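Novice: Just one file: work.cif, with mmCIF, C-alpha atoms.
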data_entry
#
loop_
_atom_site.group_PDB
_atom_site.id
_atom_site.type_symbol
_atom_site.label_atom_id
_atom_site.label_comp_id
_atom_site.auth_asym_id
_atom_site.auth_seq_id
_atom_site.Cartn_x
_atom_site.Cartn_y
_atom_site.Cartn_z
ATOM 1 C CA MET A 1 92.325 167.298 178.960
ATOM 2 C CA ARG A 2 89.098 167.185 177.014
ATOM 3 C CA LYS A 3 90.911 167.031 173.718
ATOM 4 C CA GLN A 4 93.073 164.123 174.873
ATOM 5 C CA PHE A 5 90.012 162.211 176.159
ATOM 6 C CA LEU A 6 88.228 162.487 172.801
ATOM 7 C CA THR A 7 91.339 161.355 170.980
ATOM 8 C CA PHE A 8 91.559 158.278 173.212
ATOM 9 C CA ILE A 9 87.893 157.325 172.588
ATOM 10 C CA ALA A 10 88.362 157.641 168.825
ATOM 11 C CA ALA A 11 91.401 155.400 168.946
ATOM 12 C CA ILE A 12 89.429 152.666 170.731
ATOM 13 C CA PHE A 13 86.578 152.875 168.209
ATOM 14 C CA LEU A 14 88.891 152.522 165.242
ATOM 15 C CA SER A 15 90.621 149.597 166.871
ATOM 16 C CA LEU A 16 87.327 147.696 167.400
ATOM 17 C CA THR A 17 86.190 148.334 163.822
ATOM 18 C CA ALA A 18 89.379 146.876 162.438
ATOM 19 C CA ALA A 19 88.965 143.778 164.616
ATOM 20 C CA SER A 20 85.419 143.149 163.352
ATOM 21 C CA LEU A 21 86.603 143.294 159.761
ATOM 22 C CA ALA A 22 89.256 140.726 160.523
ATOM 23 C CA ILE A 23 86.676 137.963 161.245
ATOM 24 C CA ALA A 24 87.263 135.247 158.619
ATOM 25 C CA GLN A 25 84.942 132.509 157.455
ATOM 26 C CA THR A 26 85.796 129.557 155.271
ATOM 27 C CA CYS A 27 83.714 126.905 153.549
ATOM 28 C CA THR A 28 84.642 123.693 151.794
ATOM 29 C CA ALA A 29 82.462 121.709 149.410
ATOM 30 C CA SER A 30 82.463 118.302 147.729
ATOM 31 C CA ILE A 31 80.097 116.457 145.363
ATOM 32 C CA THR A 32 79.889 112.693 145.010
ATOM 33 C CA ASP A 33 79.888 111.080 141.576
ATOM 34 C CA MET A 34 76.481 110.573 139.984
ATOM 35 C CA ASN A 35 76.512 107.011 138.676
ATOM 36 C CA PHE A 36 73.374 105.719 136.940
ATOM 37 C CA GLY A 37 75.002 102.287 136.664
ATOM 38 C CA THR A 38 74.083 99.919 133.851
ATOM 39 C CA VAL A 39 70.813 101.053 132.305
ATOM 40 C CA ASN A 40 68.338 99.458 129.920
ATOM 41 C CA LEU A 41 66.763 102.089 127.690
ATOM 42 C CA GLN A 42 64.612 99.704 125.679
ATOM 43 C CA ALA A 43 61.467 100.421 127.684
ATOM 44 C CA GLY A 44 61.833 104.113 126.860
ATOM 45 C CA GLY A 45 61.228 105.393 130.402
ATOM 46 C CA ALA A 46 63.246 107.784 132.557
ATOM 47 C CA ILE A 47 66.011 106.491 134.860
ATOM 48 C CA ASP A 48 66.788 108.238 138.151
ATOM 49 C CA THR A 49 69.643 108.424 140.636
ATOM 50 C CA THR A 50 71.213 110.987 143.007
ATOM 51 C CA ALA A 51 74.504 112.552 144.051
ATOM 52 C CA THR A 52 75.241 114.487 147.250
ATOM 53 C CA LEU A 53 76.630 117.996 147.760
ATOM 54 C CA SER A 54 78.337 118.431 151.151
ATOM 55 C CA VAL A 55 79.299 121.851 152.557
ATOM 56 C CA THR A 56 81.249 122.660 155.744
ATOM 57 C CA CYS A 57 81.676 126.255 157.026
ATOM 58 C CA SER A 58 83.595 127.629 159.993
ATOM 59 C CA SER A 59 84.827 130.990 161.339
ATOM 60 C CA SER A 60 88.255 131.984 162.605
ATOM 61 C CA LEU A 61 86.797 133.296 165.893
ATOM 62 C CA ASN A 62 84.328 131.683 168.259
ATOM 63 C CA LEU A 63 81.383 133.522 166.730
ATOM 64 C CA GLN A 64 78.174 132.189 165.218
ATOM 65 C CA LEU A 65 78.005 133.241 161.571
ATOM 66 C CA LEU A 66 75.405 132.826 158.826
ATOM 67 C CA MET A 67 76.663 131.713 155.412
ATOM 68 C CA ARG A 68 74.785 131.840 152.124
ATOM 69 C CA VAL A 69 76.178 129.061 149.915
ATOM 70 C CA CYS A 70 75.341 129.036 146.181
ATOM 71 C CA PRO A 71 76.154 125.828 144.226
ATOM 72 C CA ASN A 72 76.357 126.456 140.473
ATOM 73 C CA LEU A 73 76.275 123.441 138.149
ATOM 74 C CA GLU A 74 77.253 124.092 134.533
ATOM 75 C CA ALA A 75 76.914 121.769 131.523
ATOM 76 C CA GLY A 76 79.936 119.565 132.226
ATOM 77 C CA SER A 77 82.370 118.235 129.630
ATOM 78 C CA GLY A 78 79.524 116.594 127.711
ATOM 79 C CA GLY A 79 77.952 119.963 126.988
ATOM 80 C CA SER A 80 74.265 120.668 126.716
ATOM 81 C CA SER A 81 71.414 120.776 124.234
ATOM 82 C CA GLY A 82 68.956 123.526 125.041
ATOM 83 C CA SER A 83 68.010 123.118 128.685
ATOM 84 C CA ASN A 84 69.379 119.572 129.020
ATOM 85 C CA ARG A 85 72.846 118.257 129.736
ATOM 86 C CA LEU A 86 74.602 115.534 127.758
ATOM 87 C CA MET A 87 76.772 112.557 128.591
ATOM 88 C CA VAL A 88 78.875 111.476 125.635
ATOM 89 C CA ASN A 89 80.283 108.289 124.171
ATOM 90 C CA GLY A 90 82.438 109.257 121.205
ATOM 91 C CA THR A 91 80.116 111.094 118.831
ATOM 92 C CA ASN A 92 77.012 109.717 120.582
ATOM 93 C CA ASN A 93 75.227 111.429 123.451
ATOM 94 C CA LEU A 94 72.722 110.677 126.187
ATOM 95 C CA THR A 95 70.431 113.407 127.524
ATOM 96 C CA TYR A 96 70.081 113.912 131.273
ATOM 97 C CA GLN A 97 69.322 116.642 133.803
ATOM 98 C CA PHE A 98 69.978 117.740 137.405
ATOM 99 C CA TYR A 99 67.046 118.706 139.624
ATOM 100 C CA GLN A 100 66.641 120.439 142.983
ATOM 101 C CA ASP A 101 63.619 118.385 144.114
ATOM 102 C CA ALA A 102 62.822 114.693 144.446
ATOM 103 C CA ASN A 103 59.900 115.053 141.999
ATOM 104 C CA ARG A 104 62.403 116.286 139.418
ATOM 105 C CA THR A 105 60.424 119.348 138.382
ATOM 106 C CA ILE A 106 62.895 122.154 139.230
ATOM 107 C CA PRO A 107 66.128 122.019 137.178
ATOM 108 C CA TRP A 108 69.401 122.844 138.922
ATOM 109 C CA GLY A 109 71.538 125.220 136.924
ATOM 110 C CA SER A 110 73.962 128.087 137.197
ATOM 111 C CA SER A 111 73.877 131.856 137.591
ATOM 112 C CA THR A 112 75.922 132.055 134.369
ATOM 113 C CA ASN A 113 73.803 129.548 132.420
ATOM 114 C CA THR A 114 70.199 130.027 133.458
ATOM 115 C CA ALA A 115 68.996 127.905 130.502
ATOM 116 C CA LEU A 116 69.991 124.871 132.584
ATOM 117 C CA GLY A 117 68.021 125.993 135.623
ATOM 118 C CA THR A 118 68.295 128.083 138.774
ATOM 119 C CA VAL A 119 70.699 127.907 141.718
ATOM 120 C CA PRO A 120 69.240 126.609 145.000
ATOM 121 C CA PRO A 121 70.534 128.632 147.995
ATOM 122 C CA ILE A 122 71.889 126.786 151.013
ATOM 123 C CA ASP A 123 72.200 128.564 154.361
ATOM 124 C CA VAL A 124 74.785 127.211 156.749
ATOM 125 C CA ILE A 125 75.231 128.306 160.360
ATOM 126 C CA ALA A 126 78.853 128.249 161.497
ATOM 127 C CA PRO A 127 78.242 127.674 165.230
ATOM 128 C CA ILE A 128 80.250 129.028 168.156
ATOM 129 C CA LEU A 129 81.907 125.679 168.706
ATOM 130 C CA GLY A 130 82.848 123.593 165.709
ATOM 131 C CA PRO A 131 81.996 123.907 161.990
ATOM 132 C CA GLY A 132 78.534 124.027 160.440
ATOM 133 C CA THR A 133 77.625 121.451 157.814
ATOM 134 C CA ALA A 134 74.899 120.912 155.222
ATOM 135 C CA ASN A 135 74.199 118.031 152.827
ATOM 136 C CA ARG A 136 72.002 118.516 149.777
ATOM 137 C CA PRO A 137 70.934 115.777 147.323
ATOM 138 C CA ILE A 138 71.329 116.442 143.626
ATOM 139 C CA TYR A 139 68.560 114.557 141.825
ATOM 140 C CA GLY A 140 69.597 113.156 138.433
ATOM 141 C CA ARG A 141 67.479 111.786 135.613
ATOM 142 C CA ILE A 142 68.237 110.224 132.237
ATOM 143 C CA LEU A 143 65.352 111.554 130.207
ATOM 144 C CA SER A 144 62.799 109.216 128.624
ATOM 145 C CA GLY A 145 62.460 108.375 124.943
ATOM 146 C CA GLN A 146 66.114 107.402 124.285
ATOM 147 C CA ALA A 147 65.739 103.748 123.303
ATOM 148 C CA SER A 148 67.653 104.395 120.079
ATOM 149 C CA LYS A 149 70.949 105.166 121.852
ATOM 150 C CA LEU A 150 73.974 103.010 121.110
ATOM 151 C CA ALA A 151 75.301 100.708 123.812
ATOM 152 C CA GLY A 152 78.416 101.826 125.670
ATOM 153 C CA THR A 153 79.727 104.019 128.497
ATOM 154 C CA TYR A 154 78.500 107.618 128.554
ATOM 155 C CA LEU A 155 80.341 110.219 130.648
ATOM 156 C CA SER A 156 80.402 113.898 131.557
ATOM 157 C CA THR A 157 83.073 115.385 133.844
ATOM 158 C CA PHE A 158 82.569 118.397 136.073
ATOM 159 C CA ALA A 159 85.986 119.967 136.744
ATOM 160 C CA GLY A 160 87.782 123.287 136.326
ATOM 161 C CA GLY A 161 84.796 125.406 137.323
ATOM 162 C CA GLN A 162 82.034 123.307 135.740
ATOM 163 C CA ALA A 163 80.886 122.918 139.335
ATOM 164 C CA ARG A 164 81.326 126.165 141.284
ATOM 165 C CA VAL A 165 80.255 126.824 144.867
ATOM 166 C CA ASN A 166 80.280 130.484 145.962
ATOM 167 C CA TYR A 167 79.600 131.630 149.501
ATOM 168 C CA VAL A 168 79.324 134.838 151.532
ATOM 169 C CA ARG A 169 78.666 135.777 155.147
ATOM 170 C CA TYR A 170 75.534 137.785 155.924
ATOM 171 C CA LEU A 171 73.860 139.281 158.993
ATOM 172 C CA LEU A 172 70.098 139.534 158.546
ATOM 173 C CA VAL A 173 68.965 139.335 154.908
ATOM 174 C CA PRO A 174 70.620 136.660 152.744
ATOM 175 C CA PRO A 175 71.718 137.763 149.269
ATOM 176 C CA ASP A 176 70.238 136.243 146.131
ATOM 177 C CA CYS A 177 72.494 133.583 144.599
ATOM 178 C CA SER A 178 72.468 135.407 141.275
ATOM 179 C CA THR A 179 74.600 138.105 142.921
ATOM 180 C CA VAL A 180 76.995 135.905 144.927
ATOM 181 C CA VAL A 181 80.383 135.580 143.207
ATOM 182 C CA ASP A 182 82.689 135.560 146.250
ATOM 183 C CA ASN A 183 84.936 132.733 147.464
ATOM 184 C CA PRO A 184 84.599 130.296 144.577
ATOM 185 C CA ILE A 185 85.165 126.605 145.358
ATOM 186 C CA GLN A 186 85.500 124.178 142.446
ATOM 187 C CA PRO A 187 84.647 120.599 143.464
ATOM 188 C CA SER A 188 84.991 117.895 140.818
ATOM 189 C CA PHE A 189 82.719 114.931 140.078
ATOM 190 C CA ASN A 190 81.608 112.684 137.219
ATOM 191 C CA VAL A 191 78.265 111.678 135.754
ATOM 192 C CA GLN A 192 78.224 108.236 134.133
ATOM 193 C CA ALA A 193 75.855 105.657 132.670
ATOM 194 C CA ILE A 194 76.491 102.372 130.880
ATOM 195 C CA VAL A 195 73.846 101.695 128.250
ATOM 196 C CA ASN A 196 73.178 97.973 128.258
ATOM 197 C CA ARG A 197 73.085 95.809 125.133
ATOM 198 C CA SER A 198 69.638 94.288 125.276
ATOM 199 C CA CYS A 199 66.639 92.965 123.347
ATOM 200 C CA THR A 200 62.987 92.400 124.094
ATOM 201 C CA VAL A 201 60.650 90.153 122.123
ATOM 202 C CA SER A 202 56.989 89.196 122.051
ATOM 203 C CA ALA A 203 54.930 87.236 119.506
ATOM 204 C CA SER A 204 51.460 87.267 117.986
ATOM 205 C CA PRO A 205 49.803 83.899 117.241
ATOM 206 C CA ILE A 206 49.515 82.363 113.788
ATOM 207 C CA ASN A 207 45.896 81.355 113.108
ATOM 208 C CA PHE A 208 45.377 79.231 110.015
ATOM 209 C CA GLY A 209 41.591 79.542 110.337
ATOM 210 C CA THR A 210 38.894 76.908 109.811
ATOM 211 C CA TYR A 211 38.888 74.429 106.908
ATOM 212 C CA SER A 212 36.983 71.285 106.005
ATOM 213 C CA ALA A 213 39.677 69.830 103.742
ATOM 214 C CA MET A 214 43.441 70.213 103.245
ATOM 215 C CA THR A 215 43.749 69.736 99.515
ATOM 216 C CA SER A 216 45.765 72.927 98.837
ATOM 217 C CA ASN A 217 48.224 75.195 100.639
ATOM 218 C CA ILE A 218 46.798 77.029 103.614
ATOM 219 C CA ASP A 219 48.858 80.131 104.458
ATOM 220 C CA ALA A 220 48.818 82.458 107.471
ATOM 221 C CA ASN A 221 51.175 85.039 108.970
ATOM 222 C CA GLY A 222 52.250 85.947 112.474
ATOM 223 C CA ALA A 223 54.720 88.523 113.765
ATOM 224 C CA LEU A 224 57.483 88.975 116.314
ATOM 225 C CA THR A 225 57.740 92.356 118.032
ATOM 226 C CA ILE A 226 61.424 92.999 118.731
ATOM 227 C CA ASN A 227 63.327 95.938 120.206
ATOM 228 C CA CYS A 228 67.134 95.671 120.321
ATOM 229 C CA THR A 229 69.753 98.282 121.173
ATOM 230 C CA LEU A 230 70.812 100.424 118.219
ATOM 231 C CA GLY A 231 73.655 98.801 116.284
ATOM 232 C CA LEU A 232 73.405 95.512 118.214
ATOM 233 C CA PRO A 233 73.721 92.412 115.973
ATOM 234 C CA TYR A 234 71.293 89.675 116.958
ATOM 235 C CA SER A 235 69.741 86.483 115.612
ATOM 236 C CA ILE A 236 66.283 84.928 115.887
ATOM 237 C CA SER A 237 65.730 81.196 116.059
ATOM 238 C CA LEU A 238 62.482 79.191 116.312
ATOM 239 C CA ASN A 239 62.473 75.775 117.890
ATOM 240 C CA GLY A 240 60.658 72.736 116.494
ATOM 241 C CA GLY A 241 57.529 73.205 118.575
ATOM 242 C CA LEU A 242 56.241 70.701 121.116
ATOM 243 C CA SER A 243 57.176 67.814 118.824
ATOM 244 C CA ASN A 244 60.703 69.206 118.276
ATOM 245 C CA ALA A 245 60.305 68.667 114.535
ATOM 246 C CA GLN A 246 62.125 70.077 111.517
ATOM 247 C CA PRO A 247 61.028 73.620 110.449
ATOM 248 C CA THR A 248 58.644 72.377 107.716
ATOM 249 C CA GLN A 249 57.446 69.346 109.698
ATOM 250 C CA ARG A 250 56.186 70.947 112.890
ATOM 251 C CA ARG A 251 52.974 69.415 114.272
ATOM 252 C CA MET A 252 49.779 70.988 115.524
ATOM 253 C CA THR A 253 48.110 68.285 117.572
ATOM 254 C CA LEU A 254 44.754 67.283 118.989
ATOM 255 C CA GLY A 255 45.279 64.186 121.083
ATOM 256 C CA SER A 256 47.099 61.692 118.876
ATOM 257 C CA ALA A 257 46.013 63.394 115.624
ATOM 258 C CA ALA A 258 48.231 65.996 113.977
ATOM 259 C CA ILE A 259 48.410 68.605 111.210
ATOM 260 C CA ILE A 260 51.854 69.146 109.669
ATOM 261 C CA TYR A 261 52.894 72.777 109.081
ATOM 262 C CA GLY A 262 56.007 74.863 108.437
ATOM 263 C CA LEU A 263 57.308 78.305 109.421
ATOM 264 C CA TYR A 264 59.345 80.429 107.019
ATOM 265 C CA SER A 265 61.278 83.682 107.052
ATOM 266 C CA ASN A 266 60.237 84.854 103.558
ATOM 267 C CA SER A 267 56.853 85.524 102.039
ATOM 268 C CA THR A 268 57.300 82.976 99.244
ATOM 269 C CA ARG A 269 57.864 80.344 101.929
ATOM 270 C CA THR A 270 61.068 78.945 100.469
ATOM 271 C CA VAL A 271 63.400 79.578 103.457
ATOM 272 C CA PRO A 272 62.453 77.435 106.478
ATOM 273 C CA TRP A 273 62.865 79.159 109.864
ATOM 274 C CA GLY A 274 64.375 76.970 112.551
ATOM 275 C CA ASN A 275 67.254 76.905 115.027
ATOM 276 C CA THR A 276 70.196 75.418 113.116
ATOM 277 C CA ALA A 277 72.699 76.890 110.639
ATOM 278 C CA GLY A 278 71.019 78.309 107.554
ATOM 279 C CA GLN A 279 67.631 78.474 109.287
ATOM 280 C CA ILE A 280 68.308 81.374 111.700
ATOM 281 C CA VAL A 281 67.448 84.993 110.871
ATOM 282 C CA SER A 282 70.142 87.607 111.571
ATOM 283 C CA ARG A 283 69.413 91.308 112.039
ATOM 284 C CA THR A 284 70.825 94.482 113.604
ATOM 285 C CA GLY A 285 69.049 96.486 116.291
ATOM 286 C CA THR A 286 67.639 99.900 115.463
ATOM 287 C CA GLY A 287 66.762 100.961 119.011
ATOM 288 C CA ALA A 288 63.115 101.094 117.938
ATOM 289 C CA THR A 289 60.353 98.513 118.067
ATOM 290 C CA GLU A 290 60.243 96.421 114.885
ATOM 291 C CA SER A 291 57.681 93.939 113.592
ATOM 292 C CA VAL A 292 59.301 90.857 112.064
ATOM 293 C CA PRO A 293 56.841 88.712 110.062
ATOM 294 C CA VAL A 294 56.668 84.929 110.417
ATOM 295 C CA TYR A 295 55.140 83.094 107.438
ATOM 296 C CA GLY A 296 53.241 79.855 108.070
ATOM 297 C CA ARG A 297 52.024 77.187 105.653
ATOM 298 C CA VAL A 298 49.990 73.995 105.943
ATOM 299 C CA ALA A 299 50.817 71.969 102.848
ATOM 300 C CA PRO A 300 48.241 69.598 101.284
ATOM 301 C CA GLN A 301 47.794 66.468 103.419
ATOM 302 C CA SER A 302 45.191 64.048 104.658
ATOM 303 C CA THR A 303 42.470 65.791 106.592
ATOM 304 C CA PRO A 304 42.367 64.591 110.218
ATOM 305 C CA SER A 305 39.350 64.525 112.497
ATOM 306 C CA SER A 306 37.651 67.833 113.211
ATOM 307 C CA GLY A 307 38.718 70.003 116.157
ATOM 308 C CA THR A 308 41.196 72.699 117.135
ATOM 309 C CA TYR A 309 44.847 71.831 116.606
ATOM 310 C CA THR A 310 47.606 73.751 118.383
ATOM 311 C CA ASP A 311 51.352 73.923 118.846
ATOM 312 C CA THR A 312 53.750 76.144 120.836
ATOM 313 C CA VAL A 313 56.986 77.455 119.317
ATOM 314 C CA VAL A 314 59.751 79.059 121.416
ATOM 315 C CA VAL A 315 61.430 82.184 120.029
ATOM 316 C CA THR A 316 65.072 82.736 121.053
ATOM 317 C CA ILE A 317 67.010 86.000 120.554
ATOM 318 C CA ASN A 318 70.784 85.678 120.664
ATOM 319 C CA TYR A 319 73.010 88.792 120.874
#
Let me see whether you can do it: turn the structure in this file into structure tokens.

Specialist:
Amino acid sequence: MRKQFLTFIAAIFLSLTAASLAIAQTCTASITDMNFGTVNLQAGGAIDTTATLSVTCSSSLNLQLLMRVCPNLEAGSGGSSGSNRLMVNGTNNLTYQFYQDANRTIPWGSSTNTALGTVPPIDVIAPILGPGTANRPIYGRILSGQASKLAGTYLSTFAGGQARVNYVRYLLVPPDCSTVVDNPIQPSFNVQAIVNRSCTVSASPINFGTYSAMTSNIDANGALTINCTLGLPYSISLNGGLSNAQPTQRRMTLGSAAIIYGLYSNSTRTVPWGNTAGQIVSRTGTGATESVPVYGRVAPQSTPSSGTYTDTVVVTINY
């Protein structure tokens, strides 16, 4: 009898062990597209946006389970340069990065590509009733200092394992994500930005100085500070000033008195700069800030009454 009793106890023990091993847990994961929208890089600063990682875990039995979820983000189809990822437009690229924190100081990477950053662990509780869920923002940033990028649509696709979410059940001590390779999920998403075609312009004044007589040419220079997207054709026109005069007949005024002057696009002052055909300057953007000189001349004329004479000229950039 004793032998049979021991055999029966052993059979029950083995049966319970097998049942505990049969507990199954499943997780699903998705990542929204990261869309920076239409961006203006001319100011040279960073541009930020976010995507969202969503995870849902459940168990096959009504048991509360702890899941360690490890989201690995690789370089994407655009590849990477050092520790930064790239979106591409043909042979052109735009540098960006994923971060774990809103301050964008901790890069988000992969256990197989630690140059891109580390993997942030996510712990999900699969409750007794219903699935357990977790949402985690992915903080994106187009890095600063890229004003020289060509206009167009830049894209990187995360598919076929470029985004990989591994997960494992644990009891007390969660494993480090560098060791978690079980249950790979491969969500897909895109990262996109449209680099806008744009220009900025500012102007420095032209000061002809102080004179007591206007018996010879009086020359002075000013400058336009222009920054246009790399490869962007654009033109610069100058209106006729407050008197809406021809390029060489603009008027600086003081009350009813006037001084006639002209603005030119070349240093020898032979090409008048205005806003009609043949008077407009055409250029192509470099993506960097450029100084474009404006050449002024007061030709000999009758000297008006003393005082300060002024005019205002509007600069127009067309692209």

Novice: Return the single residue from A:Val294, A:Ala203, A:Leu263, A:Ala159 that is closest to Ser77 of chain A, with distances computed using only C-alpha atoms.

Specialist: A:Ala159

Novice: Padding 6 Å on every side, please: axis-aligned box over the listed atoms of segment 41-60 of chain A, centre and edge lengths to one decimal in Å, as AutoDock Vina command-line options.

Specialist:
--center_x 74.7 --center_y 115.8 --center_z 144.1 --size_x 39.0 --size_y 44.3 --size_z 48.9

Novice: For this structure, which residues satisfy the selection - the PyMOL selection byres ((chain A and resi 78) around 7) - when it is evaluated on the file as given? I want them as an mmCIF file with C-alpha atoms, in the coordinates of the input.

Specialist:
data_model
loop_
_atom_site.group_PDB
_atom_site.id
_atom_site.type_symbol
_atom_site.label_atom_id
_atom_site.label_comp_id
_atom_site.auth_asym_id
_atom_site.auth_seq_id
_atom_site.Cartn_x
_atom_site.Cartn_y
_atom_site.Cartn_z
ATOM 1 C CA ALA A 75 76.914 121.769 131.523
ATOM 2 C CA GLY A 76 79.936 119.565 132.226
ATOM 3 C CA SER A 77 82.370 118.235 129.630
ATOM 4 C CA GLY A 79 77.952 119.963 126.988
ATOM 5 C CA SER A 80 74.265 120.668 126.716
ATOM 6 C CA LEU A 86 74.602 115.534 127.758
ATOM 7 C CA MET A 87 76.772 112.557 128.591
ATOM 8 C CA VAL A 88 78.875 111.476 125.635
ATOM 9 C CA SER A 156 80.402 113.898 131.557
#

Novice: Step by step, work through what the PyMOL selection byres ((chain A and resi 214) around 10) selects in the shown file, and finish by giving those residues as an mmCIF file with C-alpha atoms, keeping the file's coordinate frame.

Specialist:
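Everything below was put into expr-v8.cif:
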data_model
loop_
_atom_site.group_PDB
_atom_site.id
_atom_site.type_symbol
_atom_site.label_atom_id
_atom_site.label_comp_id
_atom_site.auth_asym_id
_atom_site.auth_seq_id
_atom_site.Cartn_x
_atom_site.Cartn_y
_atom_site.Cartn_z
ATOM 1 C CA TYR A 211 38.888 74.429 106.908
ATOM 2 C CA SER A 212 36.983 71.285 106.005
ATOM 3 C CA ALA A 213 39.677 69.830 103.742
ATOM 4 C CA THR A 215 43.749 69.736 99.515
ATOM 5 C CA SER A 216 45.765 72.927 98.837
ATOM 6 C CA ASN A 217 48.224 75.195 100.639
ATOM 7 C CA ILE A 218 46.798 77.029 103.614
ATOM 8 C CA ILE A 259 48.410 68.605 111.210
ATOM 9 C CA VAL A 298 49.990 73.995 105.943
ATOM 10 C CA ALA A 299 50.817 71.969 102.848
ATOM 11 C CA PRO A 300 48.241 69.598 101.284
ATOM 12 C CA GLN A 301 47.794 66.468 103.419
ATOM 13 C CA SER A 302 45.191 64.048 104.658
ATOM 14 C CA THR A 303 42.470 65.791 106.592
ATOM 15 C CA PRO A 304 42.367 64.591 110.218
#

Novice: Can you give me, as a PyMOL selection string, the residues this file yields under the PyMOL selection byres ((chain A and resi 53-55) around 9)?

Specialist: chain A and resi 27-32+51-52+56-57+69+71+124+132-138

Novice: Suppose you want the space between atom CA of Gly231 of chain A and atom CA of Asn318 of chain A; what is it in Å?

Specialist: 14.1 Å

Novice: If we count all atoms listed in the file, what is near Gly140 of chain A at a cut-off of 8 Å, once residues fewer than 6 positions away on the same chain are taken out, given as an MDAnalysis selection string?

Specialist: chainID A and resid 34 48:51 96:99 104
